[in-house]
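Participant: Contents of query-v1.tsv (TSV, C-alpha atoms and all ligand atoms) are given next:
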```
chain	number	residue	atom	x	y	z
B	1	MET	CA	158.84	142.83	84.63
B	2	ILE	CA	157.15	145.98	85.99
B	3	ARG	CA	157.14	149.23	84.01
B	4	ALA	CA	155.31	152.41	84.95
B	5	LYS	CA	155.06	155.34	82.57
B	6	ASN	CA	153.60	158.55	83.96
B	7	ILE	CA	151.12	156.79	86.27
B	8	TYR	CA	148.62	158.59	88.49
B	9	LEU	CA	146.69	156.90	91.30
B	10	SER	CA	143.97	158.35	93.51
B	11	TYR	CA	141.04	157.47	95.74
B	12	ASP	CA	139.11	160.61	94.86
B	13	GLU	CA	139.18	163.10	92.03
B	14	ASN	CA	140.65	165.99	94.02
B	15	LYS	CA	143.97	164.53	95.13
B	16	TYR	CA	146.43	162.21	93.47
B	17	VAL	CA	148.20	159.81	95.84
B	18	ILE	CA	150.81	158.87	93.19
B	19	LYS	CA	151.77	161.46	90.60
B	20	LYS	CA	153.88	161.19	87.41
B	21	GLY	CA	155.14	157.73	88.44
B	22	ASN	CA	157.96	156.48	86.20
B	23	PHE	CA	160.11	153.47	87.00
B	24	ALA	CA	161.13	150.08	85.71
B	25	ILE	CA	161.78	146.88	87.65
B	26	LYS	CA	163.58	144.12	85.78
B	27	GLU	CA	162.93	140.40	86.00
B	28	LYS	CA	164.59	138.81	89.07
B	29	GLU	CA	165.30	142.12	90.79
B	30	PHE	CA	164.81	142.54	94.54
B	31	ILE	CA	163.34	145.96	95.22
B	32	PHE	CA	162.70	147.80	98.46
B	33	ILE	CA	160.25	150.69	98.45
B	34	GLY	CA	160.59	153.18	101.30
B	35	GLY	CA	159.23	156.60	102.15
B	36	THR	CA	157.34	158.43	104.86
B	37	SER	CA	154.01	157.29	106.26
B	38	GLY	CA	151.11	158.14	103.97
B	39	SER	CA	153.38	158.80	100.99
B	40	GLY	CA	151.60	156.24	98.80
B	41	LYS	CA	153.61	153.01	99.13
B	42	SER	CA	150.69	150.64	99.81
B	43	THR	CA	148.62	152.39	97.17
B	44	LEU	CA	151.34	151.77	94.57
B	45	LEU	CA	151.54	148.06	95.50
B	46	LYS	CA	147.75	147.76	95.26
B	47	SER	CA	147.86	149.12	91.72
B	48	PHE	CA	150.21	146.26	90.76
B	49	TYR	CA	147.50	143.68	91.37
B	50	GLY	CA	144.58	145.73	90.11
B	51	GLU	CA	143.16	146.66	93.51
B	52	ILE	CA	143.46	150.40	92.78
B	53	PRO	CA	142.69	151.44	89.21
B	54	LEU	CA	145.09	153.67	87.31
B	55	LYS	CA	143.76	157.17	86.62
B	56	HIS	CA	146.32	157.92	83.91
B	57	GLY	CA	149.45	156.45	82.47
B	58	GLU	CA	150.66	153.00	81.59
B	59	LEU	CA	151.54	150.19	83.97
B	60	ARG	CA	152.74	146.85	82.66
B	61	ILE	CA	153.15	143.87	84.96
B	62	ALA	CA	154.69	140.74	83.45
B	63	GLY	CA	153.70	142.02	80.02
B	64	GLN	CA	150.09	142.72	80.97
B	65	ASN	CA	148.60	146.20	80.70
B	66	VAL	CA	146.99	147.03	84.03
B	67	PHE	CA	145.03	150.09	82.85
B	68	GLY	CA	141.31	149.33	83.16
B	69	ILE	CA	142.00	145.66	83.84
B	70	LYS	CA	139.10	143.47	84.97
B	71	GLY	CA	137.48	140.05	84.58
B	72	LYS	CA	139.59	137.31	83.01
B	73	ALA	CA	142.55	139.62	82.32
B	74	LEU	CA	142.64	140.56	86.02
B	75	ARG	CA	142.51	136.90	87.05
B	76	ASN	CA	145.40	136.20	84.65
B	77	LEU	CA	147.40	139.09	86.09
B	78	ARG	CA	146.93	137.74	89.61
B	79	LYS	CA	148.23	134.33	88.54
B	80	ASP	CA	151.61	135.98	88.15
B	81	ILE	CA	151.60	137.62	91.58
B	82	GLY	CA	151.94	136.40	95.18
B	83	ILE	CA	151.03	138.91	97.89
B	84	ILE	CA	152.19	139.15	101.51
B	85	PHE	CA	150.65	141.60	104.00
B	86	GLN	CA	151.90	142.95	107.33
B	87	ASP	CA	148.93	141.40	109.14
B	88	TYR	CA	149.18	138.02	107.30
B	89	LYS	CA	145.51	137.99	106.18
B	90	LEU	CA	145.09	134.24	106.68
B	91	ILE	CA	141.60	132.76	106.90
B	92	ASN	CA	141.12	131.83	110.55
B	93	GLU	CA	138.39	129.26	109.90
B	94	TRP	CA	140.71	127.20	107.70
B	95	THR	CA	143.81	125.19	108.63
B	96	ILE	CA	147.15	126.54	107.52
B	97	GLU	CA	147.40	123.77	104.94
B	98	GLU	CA	144.04	124.85	103.50
B	99	ASN	CA	145.19	128.47	103.51
B	100	ILE	CA	148.18	127.57	101.35
B	101	MET	CA	145.91	125.65	98.99
B	102	ILE	CA	143.74	128.74	98.28
B	103	PRO	CA	145.71	130.25	95.36
B	104	LEU	CA	146.06	126.81	93.81
B	105	LYS	CA	142.34	126.10	93.99
B	106	ILE	CA	141.58	129.58	92.60
B	107	ASN	CA	143.90	128.82	89.70
B	108	GLY	CA	142.10	125.58	88.89
B	109	TYR	CA	144.42	122.95	90.38
B	110	SER	CA	142.82	119.76	91.69
B	111	ASN	CA	142.46	119.11	95.40
B	112	ASP	CA	145.18	116.43	95.32
B	113	ILE	CA	147.74	118.59	93.49
B	114	SER	CA	146.92	121.57	95.72
B	115	ARG	CA	147.42	119.50	98.87
B	116	GLU	CA	150.67	118.02	97.53
B	117	GLN	CA	152.03	121.50	96.78
B	118	ALA	CA	150.88	122.78	100.21
B	119	THR	CA	152.69	119.87	101.88
B	120	LYS	CA	155.92	120.79	100.04
B	121	LEU	CA	155.59	124.43	101.00
B	122	LEU	CA	154.81	123.67	104.65
B	123	ASN	CA	158.04	121.70	104.66
B	124	HIS	CA	159.86	124.61	103.00
B	125	VAL	CA	158.72	127.07	105.71
B	126	LYS	CA	159.36	124.44	108.42
B	127	LEU	CA	155.76	124.12	109.56
B	128	SER	CA	154.91	120.56	108.48
B	129	HIS	CA	154.20	119.65	112.10
B	130	ARG	CA	151.48	122.34	112.22
B	131	ALA	CA	149.62	121.44	108.97
B	132	GLY	CA	146.26	120.88	110.70
B	133	TYR	CA	146.51	123.92	112.98
B	134	TYR	CA	144.44	127.06	112.55
B	135	PRO	CA	146.17	130.45	112.08
B	136	ASN	CA	145.22	131.76	115.52
B	137	GLU	CA	146.98	128.74	117.08
B	138	LEU	CA	150.29	129.96	115.61
B	139	SER	CA	152.67	132.78	116.58
B	140	GLY	CA	152.85	135.88	114.38
B	141	GLY	CA	156.17	134.71	112.92
B	142	GLU	CA	154.70	131.31	112.09
B	143	GLN	CA	151.62	132.92	110.51
B	144	GLN	CA	153.83	135.06	108.31
B	145	ARG	CA	155.72	131.93	107.19
B	146	VAL	CA	152.34	130.46	106.17
B	147	ALA	CA	151.60	133.68	104.29
B	148	VAL	CA	154.93	133.39	102.45
B	149	ALA	CA	154.11	129.77	101.57
B	150	ARG	CA	150.68	130.85	100.30
B	151	ALA	CA	152.27	133.60	98.20
B	152	LEU	CA	154.63	131.05	96.61
B	153	ALA	CA	152.04	128.31	96.11
B	154	HIS	CA	150.99	129.04	92.52
B	155	ASN	CA	154.57	129.69	91.29
B	156	PRO	CA	154.18	133.44	90.75
B	157	LYS	CA	156.64	135.53	88.74
B	158	ILE	CA	156.41	138.40	91.22
B	159	ILE	CA	156.06	138.60	94.98
B	160	ILE	CA	154.68	141.81	96.45
B	161	ALA	CA	155.05	142.30	100.19
B	162	ASP	CA	153.72	145.23	102.22
B	163	GLU	CA	155.72	145.63	105.46
B	164	PRO	CA	156.07	141.82	105.77
B	165	THR	CA	158.16	142.07	108.94
B	166	GLY	CA	156.33	145.03	110.48
B	167	ASN	CA	154.69	142.94	113.22
B	168	LEU	CA	157.56	140.52	113.82
B	169	ASP	CA	160.42	140.23	116.32
B	170	ASP	CA	163.99	140.27	114.98
B	171	TYR	CA	164.31	136.50	114.76
B	172	SER	CA	161.02	135.98	112.89
B	173	ALA	CA	161.83	138.93	110.63
B	174	GLU	CA	165.12	137.32	109.67
B	175	VAL	CA	163.37	134.05	108.83
B	176	VAL	CA	160.94	135.92	106.55
B	177	TRP	CA	163.77	137.88	104.87
B	178	ASN	CA	165.61	134.61	104.24
B	179	LEU	CA	162.52	133.07	102.66
B	180	LEU	CA	162.11	136.11	100.40
B	181	LYS	CA	165.79	136.09	99.47
B	182	GLY	CA	165.50	132.38	98.64
B	183	ALA	CA	162.45	133.03	96.46
B	184	ASN	CA	164.46	135.66	94.60
B	185	GLU	CA	167.79	133.85	94.31
B	186	GLN	CA	166.75	130.23	93.96
B	187	LEU	CA	163.41	130.56	92.18
B	188	GLY	CA	164.20	133.74	90.21
B	189	ILE	CA	161.08	135.50	91.44
B	190	THR	CA	160.99	139.30	91.19
B	191	VAL	CA	160.40	140.60	94.73
B	192	VAL	CA	159.01	144.04	95.59
B	193	VAL	CA	158.86	144.91	99.28
B	194	VAL	CA	157.55	148.00	101.02
B	195	THR	CA	159.43	148.51	104.26
B	196	HIS	CA	160.37	151.35	106.57
B	197	ARG	CA	163.62	149.64	107.43
B	198	VAL	CA	165.87	147.88	104.92
B	199	PRO	CA	167.60	145.07	106.86
B	200	LYS	CA	171.31	145.49	107.53
B	201	ASN	CA	173.76	143.19	105.73
B	202	PHE	CA	171.04	141.90	103.44
B	203	GLY	CA	173.51	139.73	101.56
B	204	ILE	CA	172.01	139.88	98.07
B	205	ARG	CA	171.81	142.63	95.46
B	206	PHE	CA	168.82	144.90	95.73
B	207	ARG	CA	167.60	148.26	94.51
B	208	GLN	CA	165.67	150.93	96.39
B	209	LEU	CA	162.83	153.20	95.37
B	210	SER	CA	161.39	155.86	97.63
B	211	ILE	CA	158.07	157.67	97.55
B	212	GLU	CA	157.77	161.17	98.97
B	213	ASP	CA	154.42	162.91	98.78
B	214	GLY	CA	153.32	160.77	95.84
B	215	ILE	CA	156.50	161.18	93.77
B	216	ILE	CA	158.55	158.03	93.14
B	217	TYR	CA	162.35	158.38	93.28
B	218	GLU	CA	165.03	155.87	92.36
B	219	VAL	CA	167.39	155.78	95.34
B	220	SER	CA	169.76	153.10	94.05
U	1	LIG	N1	140.96	153.38	100.93
U	1	LIG	C1	141.36	154.66	100.94
U	1	LIG	N2	140.49	155.66	100.69
U	1	LIG	C2	140.89	156.96	100.66
U	1	LIG	N3	142.16	157.35	100.89
U	1	LIG	C3	143.07	156.40	101.16
U	1	LIG	C4	142.72	155.01	101.20
U	1	LIG	N4	143.85	154.29	101.49
U	1	LIG	C5	144.84	155.20	101.63
U	1	LIG	N5	144.38	156.46	101.43
U	1	LIG	C6	145.19	157.69	101.49
U	1	LIG	O1	146.20	157.62	100.48
U	1	LIG	C7	147.42	158.16	100.96
U	1	LIG	C8	148.53	157.12	100.82
U	1	LIG	O2	148.22	156.00	101.64
U	1	LIG	P1	149.13	154.68	101.63
U	1	LIG	O3	148.46	153.70	102.53
U	1	LIG	O4	149.39	154.29	100.22
U	1	LIG	O5	150.48	155.23	102.27
U	1	LIG	P2	151.75	154.44	102.79
U	1	LIG	O6	152.94	155.15	102.23
U	1	LIG	O7	151.62	152.99	102.47
U	1	LIG	O8	151.64	154.69	104.35
U	1	LIG	P3	152.15	153.83	105.62
U	1	LIG	O9	153.65	153.81	105.54
U	1	LIG	O10	151.66	154.62	106.79
U	1	LIG	O11	151.51	152.47	105.50
U	1	LIG	C9	147.18	158.60	102.40
U	1	LIG	O12	146.91	159.97	102.41
U	1	LIG	C10	145.94	157.81	102.79
U	1	LIG	O13	145.18	158.52	103.75
```
Go through the file and emit its structure as structure tokens.
Ligand SMILES: Nc1ncnc2c1ncn2[C@@H]1O[C@H](COP(=O)(O)OP(=O)(O)OP(=O)(O)O)[C@@H](O)[C@H]1O

Facilitator:
Amino acid sequence: MIRAKNIYLSYDENKYVIKKGNFAIKEKEFIFIGGTSGSGKSTLLKSFYGEIPLKHGELRIAGQNVFGIKGKALRNLRKDIGIIFQDYKLINEWTIEENIMIPLKINGYSNDISREQATKLLNHVKLSHRAGYYPNELSGGEQQRVAVARALAHNPKIIIADEPTGNLDDYSAEVVWNLLKGANEQLGITVVVVTHRVPKNFGIRFRQLSIEDGIIYEVS
């Protein structure tokens, strides 16, 4: 599902953030990526959805070559990916239902279908009673559940999450982990999560990669 061959990523010409990156992630795997602060974890995730261009190497996501990707090809790549951030990144001026509708509208679904799907997902993340609320009227844990629903809305093949529980208390973190496990187990979505702390007794199979000073290691 994701294959990197000798990839290099950087923000400026003088220093590579990711060097000689080689790894493969199979369909339906659940992957944790760890490593020290500043080692390049977020940068690697950003390259998966074309936010950071590859300097060298080959990166294939769901069969699509990410090198130099732009325009329609980039839009197609993003159809296959749902993204979750540590700080939720919901649009505060829009209700949570409208937030969940965003990826559907971007992908050309009608208003009615988008709303129907958002209603289903609000039910899935147990927030139906808050559909008309705005993000800043919700707790952090609730906002992250909205973000998970938004990431799932357009039926992606891959979910990418960058420290999805970093701002959450233990209870809310567990709810988010359960949603991600469900996406992986029940929907067969490949899940790639950057986290400093792999949860104990996770309960499903997973693999771990680690990044140290820009070098990607397979831990398990
Ligand atoms: N937009 C940017 N412009 C220039 N350099 C950047 C930018 N974003 C990150 N960097 C640098 O790239 C390196 C890797 O950053 P990255 O955010 O990928 O690390 P990380 O492993 O995700 O760190 P953390 O665990 O602290 O979130 C760091 O040295 C950082 O300063």

Participant: Please produce, as JSON lines, a per-residue contact table for chain B versus ligand LIG 1 (chain U) (criterion: any atom at most 6 Å away, all atoms listed in the file considered), showing the nearest atom pair and its distance in Å to one decimal, sorted by chain then residue number.

Facilitator:
```
{"residue": "B:Tyr11", "atom": "CA", "partner": "U:LIG1", "partner_atom": "C2", "distance": 4.9}
{"residue": "B:Val17", "atom": "CA", "partner": "U:LIG1", "partner_atom": "C7", "distance": 5.4}
{"residue": "B:Thr36", "atom": "CA", "partner": "U:LIG1", "partner_atom": "O9", "distance": 6.0}
{"residue": "B:Ser37", "atom": "CA", "partner": "U:LIG1", "partner_atom": "O9", "distance": 3.6}
{"residue": "B:Gly38", "atom": "CA", "partner": "U:LIG1", "partner_atom": "O5", "distance": 3.4}
{"residue": "B:Ser39", "atom": "CA", "partner": "U:LIG1", "partner_atom": "O6", "distance": 3.9}
{"residue": "B:Gly40", "atom": "CA", "partner": "U:LIG1", "partner_atom": "O4", "distance": 3.3}
{"residue": "B:Lys41", "atom": "CA", "partner": "U:LIG1", "partner_atom": "O6", "distance": 3.8}
{"residue": "B:Ser42", "atom": "CA", "partner": "U:LIG1", "partner_atom": "O7", "distance": 3.7}
{"residue": "B:Thr43", "atom": "CA", "partner": "U:LIG1", "partner_atom": "O4", "distance": 3.7}
```

Participant: Mind pulling up the distance from atom CA of B:Ile7 to atom CA of B:Leu59?

Facilitator: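 Interatomic distance here is 7.0 Å.
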
Participant: Measuring atom to atom with only C-alpha atoms, identify which of B:Asn6, B:Asn155, B:Asn201, B:Asn107 is nearest to B:Ala24.

Facilitator: B:Asn6

Participant: Mind checking which residues fall within 12 Å of B:Lys89, counting only C-alpha atoms, ignoring those fewer than 2 positions away in the same chain, and posting them as a ChimeraX atom specification?

Facilitator: /B:83-87,91-94,96,99-100,135-136,140,143-148,150-151,162,164

Participant: Any chance you can output those residues with C-alpha atoms as a compact mmCIF listing (two decimals), in the coordinates of the input?

Facilitator:
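The resulting result23.txt:
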```txt
# COMPACT_ATOMS: atom_id res chain seq x y z
CA ILE B 83 151.03 138.91 97.89
CA ILE B 84 152.19 139.15 101.51
CA PHE B 85 150.65 141.60 104.00
CA GLN B 86 151.90 142.95 107.33
CA ASP B 87 148.93 141.40 109.14
CA ILE B 91 141.60 132.76 106.90
CA ASN B 92 141.12 131.83 110.55
CA GLU B 93 138.39 129.26 109.90
CA TRP B 94 140.71 127.20 107.70
CA ILE B 96 147.15 126.54 107.52
CA ASN B 99 145.19 128.47 103.51
CA ILE B 100 148.18 127.57 101.35
CA PRO B 135 146.17 130.45 112.08
CA ASN B 136 145.22 131.76 115.52
CA GLY B 140 152.85 135.88 114.38
CA GLN B 143 151.62 132.92 110.51
CA GLN B 144 153.83 135.06 108.31
CA ARG B 145 155.72 131.93 107.19
CA VAL B 146 152.34 130.46 106.17
CA ALA B 147 151.60 133.68 104.29
CA VAL B 148 154.93 133.39 102.45
CA ARG B 150 150.68 130.85 100.30
CA ALA B 151 152.27 133.60 98.20
CA ASP B 162 153.72 145.23 102.22
CA PRO B 164 156.07 141.82 105.77
```

Participant: Between atom CA of B:Leu179 and atom CA of B:Ile31, measure the distance and give it in Å to one decimal.

Facilitator: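 We find that atom CA of B:Leu179 and atom CA of B:Ile31 lie 14.9 Å from each other.
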
Participant: Name the residues, using the chain letters and numbers of the file, that sit within 10 Å of (142.8, 145.7, 84.7) when counting only C-alpha atoms, and give them as a list of chain:residue names.

Facilitator: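 Residues found, by chain and rising number: B:Ser47, B:Phe48, B:Tyr49, B:Gly50, B:Glu51, B:Ile52, B:Pro53, B:Leu54, B:Leu59, B:Gln64, B:Asn65, B:Val66, B:Phe67, B:Gly68, B:Ile69, B:Lys70, B:Gly71, B:Lys72, B:Ala73, B:Leu74, B:Arg75, B:Asn76, B:Leu77.
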
Participant: Rounded to one decimal in Å, what is the spacing between atom CA of B:Tyr133 and atom CA of B:Asn111?

Facilitator: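 These atoms are spaced 18.7 Å apart.
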
Participant: Counting only C-alpha atoms, which of B:Ala173, B:Leu121, B:Ala131, B:Ile216 gets nearest to B:Val198?

Facilitator: B:Ala173

Participant: Excluding B:Leu152 and residues on its chain fewer than 4 positions from it, collect all residues at most 12 Å away from it, counting only C-alpha atoms, and give them as JSON, numbers by chain.

Facilitator: {"B": [79, 80, 81, 82, 83, 84, 99, 100, 101, 102, 103, 104, 117, 118, 120, 121, 122, 124, 125, 145, 146, 147, 148, 156, 157, 158, 159, 160, 161, 179, 180, 182, 183, 184, 187, 188, 189, 190, 191]}

Participant: So which one's closest to B:Arg197, B:Phe32, B:Phe23, B:Tyr88, B:Tyr134? Using all atoms listed in the file, please.

Facilitator: B:Phe32

Participant: Point out the residue among B:Ile113, B:Ile61, B:Leu168, B:Ala4 with the least atom-to-atom distance to B:Ser139, counting all atoms listed in the file.

Facilitator: B:Leu168

Participant: If I wrap all listed atoms of stretch 20-26 of chain B in a box with edges along x, y and z and add 4 Å on each side, what are its centre and edge lengths in Å to one decimal, as JSON?

Facilitator:
```
{"center_x": 158.7, "center_y": 152.7, "center_z": 87.1, "size_x": 17.7, "size_y": 25.1, "size_z": 10.7}
```
